[in-house]
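Presented below is the structure to which this report refers.
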Amino acid sequence: MRNLKYLVLGVIFGLALTKGEAISWFRMQEMFHFQGFHMYGIFMTAVPTAALGIFLLKNFGIKARNGQAINIPKKPYHHGIIIGGLLFGIGWALTGACPGPLYAQIGAGYTVTLVTFASAVLGTWTYARLQPHLPS
Amino acid sequence: MEFLYKPWPWYVAGPVIGLTVPVLLWLGNKRLGISSTLRQLCAAAYPANIPLLNYDWKKDSWNLFFVAGIFIGGILGGNLFGNPEPTDLSPHTVEDLRQWGLTDFAGLLPLELFNWTSLASWHGILLMVVGGFLVGFGTRYARGCTSGHGIFGLASLQWTSLVAIISFFIGGIICSYTMLPLILAP
């Protein structure tokens, strides 16, 4: 069960998303209306914490546990970053969820978000199908 | 034991979310990015000769374990130890939401909107079916979501991720200011 550690880490991540109300539709409206600091506080502590972690791993030449050098590929730019980003943003405000919270909302007992989730899977499939015809 | 039910302040939740990035790198050279799992599920379920869906999705099966964990985290944090109090929102937000006809601010989603019967209404279809579709379509088109671009990408100082997160927010702001008031107008 070499994947069990990822399950455990996922539980901690999901707990932080849920207890931090980062899966809350209410909090997303508050964030998009710039009326509260809560969600911005989460981003403004999560990103520097992650950046510091990456810096320390790199600075001390720490390898992954499997012996590989830690690899962070560049994310190349294409126009889909903006077009897709805008479309996702609209979906984010409608559902109150990004992909991570989709899983947590179902777990939190909002069974109807299974529909949101299934629709997101269908959306990904549709993008994949249409990809050759869409501007990149 | 009351503290188990309390929501976490941002300065607790944020660092825990952020720590996931270096821990994943250290555990197995894995990069945080959750929208990829939607692609994996498509590839596993119905790849249909689509180039983007014909890849070795099993190689990334760690990520399916990770999101299974998020689901369990949701059960623990939202169900077993869910906060029974209404969300501690800004009074301005509460006022805006009341104008949209909402009265119940308990839990993580407004049950007045997100329930099975509301799927038979236009606003339910727009919020859940269309909203979910845009989340799946948009994140794949943008090659990442709030975790892959917003947390991991920004933390690894990638300018494309900054463009992505700004686009996410512009989409969200447009929707929350202009579309939601129309959809939810009483």
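We name chains A, B, ... following the order of the structure tokens; residues begin at 1 in each chain, and ligands are numbered from 1 as shown.
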Report task. Could you give me, as an MDAnalysis selection string, the residues within 6 Å of region 23-39 of chain B, counting only C-alpha atoms and dropping anything in the same chain fewer than 2 positions from it? Result -> (chainID A and resid 64:65 70 99:100 121) or (chainID B and resid 20:21 41:42 144:145 147:148)
Query raised in the report: Any idea what the distance is between CA of Asn71 (chain A) and CA of Leu7 (chain A)?
Result: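 According to the coordinates, CA of Asn71 (chain A) and CA of Leu7 (chain A) are separated by 21.6 Å.
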Query - Nearest-residue call for chain B, choices A:Pro132, A:Gly67, A:Pro73, A:Gly36, using only C-alpha atoms - result: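 Nearest candidate to chain B out of A:Pro132, A:Gly67, A:Pro73, A:Gly36: A:Gly36.
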Report the closest atom pair, with its distance in Å rounded to one decimal, for each residue of region 8-116 of chain B that has an atom no farther than 6 Å from region 49-53 of chain A; count only C-alpha atoms, sort by chain and then rising residue number, and write it as CSV.
residue,atom,partner,partner_atom,distance
B:Pro15,CA,A:Thr49,CA,5.8
B:Gly18,CA,A:Ala50,CA,4.5
B:Leu19,CA,A:Ala50,CA,5.5
B:Val21,CA,A:Ala50,CA,5.5
B:Pro22,CA,A:Gly53,CA,5.1
Would you save the residues from that selection as a JSON list (two decimals), in the first residue's frame, using N, CA and C atoms?
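Saved file out-v2.json follows:
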[["chain", "number", "residue", "atom", "x", "y", "z"],
["B", 15, "PRO", "N", -1.68, 27.59, 6.51],
["B", 15, "PRO", "CA", -0.40, 26.89, 6.59],
["B", 15, "PRO", "C", -0.51, 25.37, 6.40],
["B", 18, "GLY", "N", -0.80, 24.86, 2.76],
["B", 18, "GLY", "CA", 0.48, 25.15, 2.12],
["B", 18, "GLY", "C", 1.53, 24.06, 2.36],
["B", 19, "LEU", "N", 1.54, 23.50, 3.56],
["B", 19, "LEU", "CA", 2.53, 22.46, 3.89],
["B", 19, "LEU", "C", 2.37, 21.23, 3.01],
["B", 21, "VAL", "N", 2.24, 21.03, -0.06],
["B", 21, "VAL", "CA", 3.08, 21.11, -1.27],
["B", 21, "VAL", "C", 4.47, 20.51, -1.03],
["B", 22, "PRO", "N", 5.25, 20.99, -0.03],
["B", 22, "PRO", "CA", 6.56, 20.36, 0.18],
["B", 22, "PRO", "C", 6.47, 18.92, 0.66]]
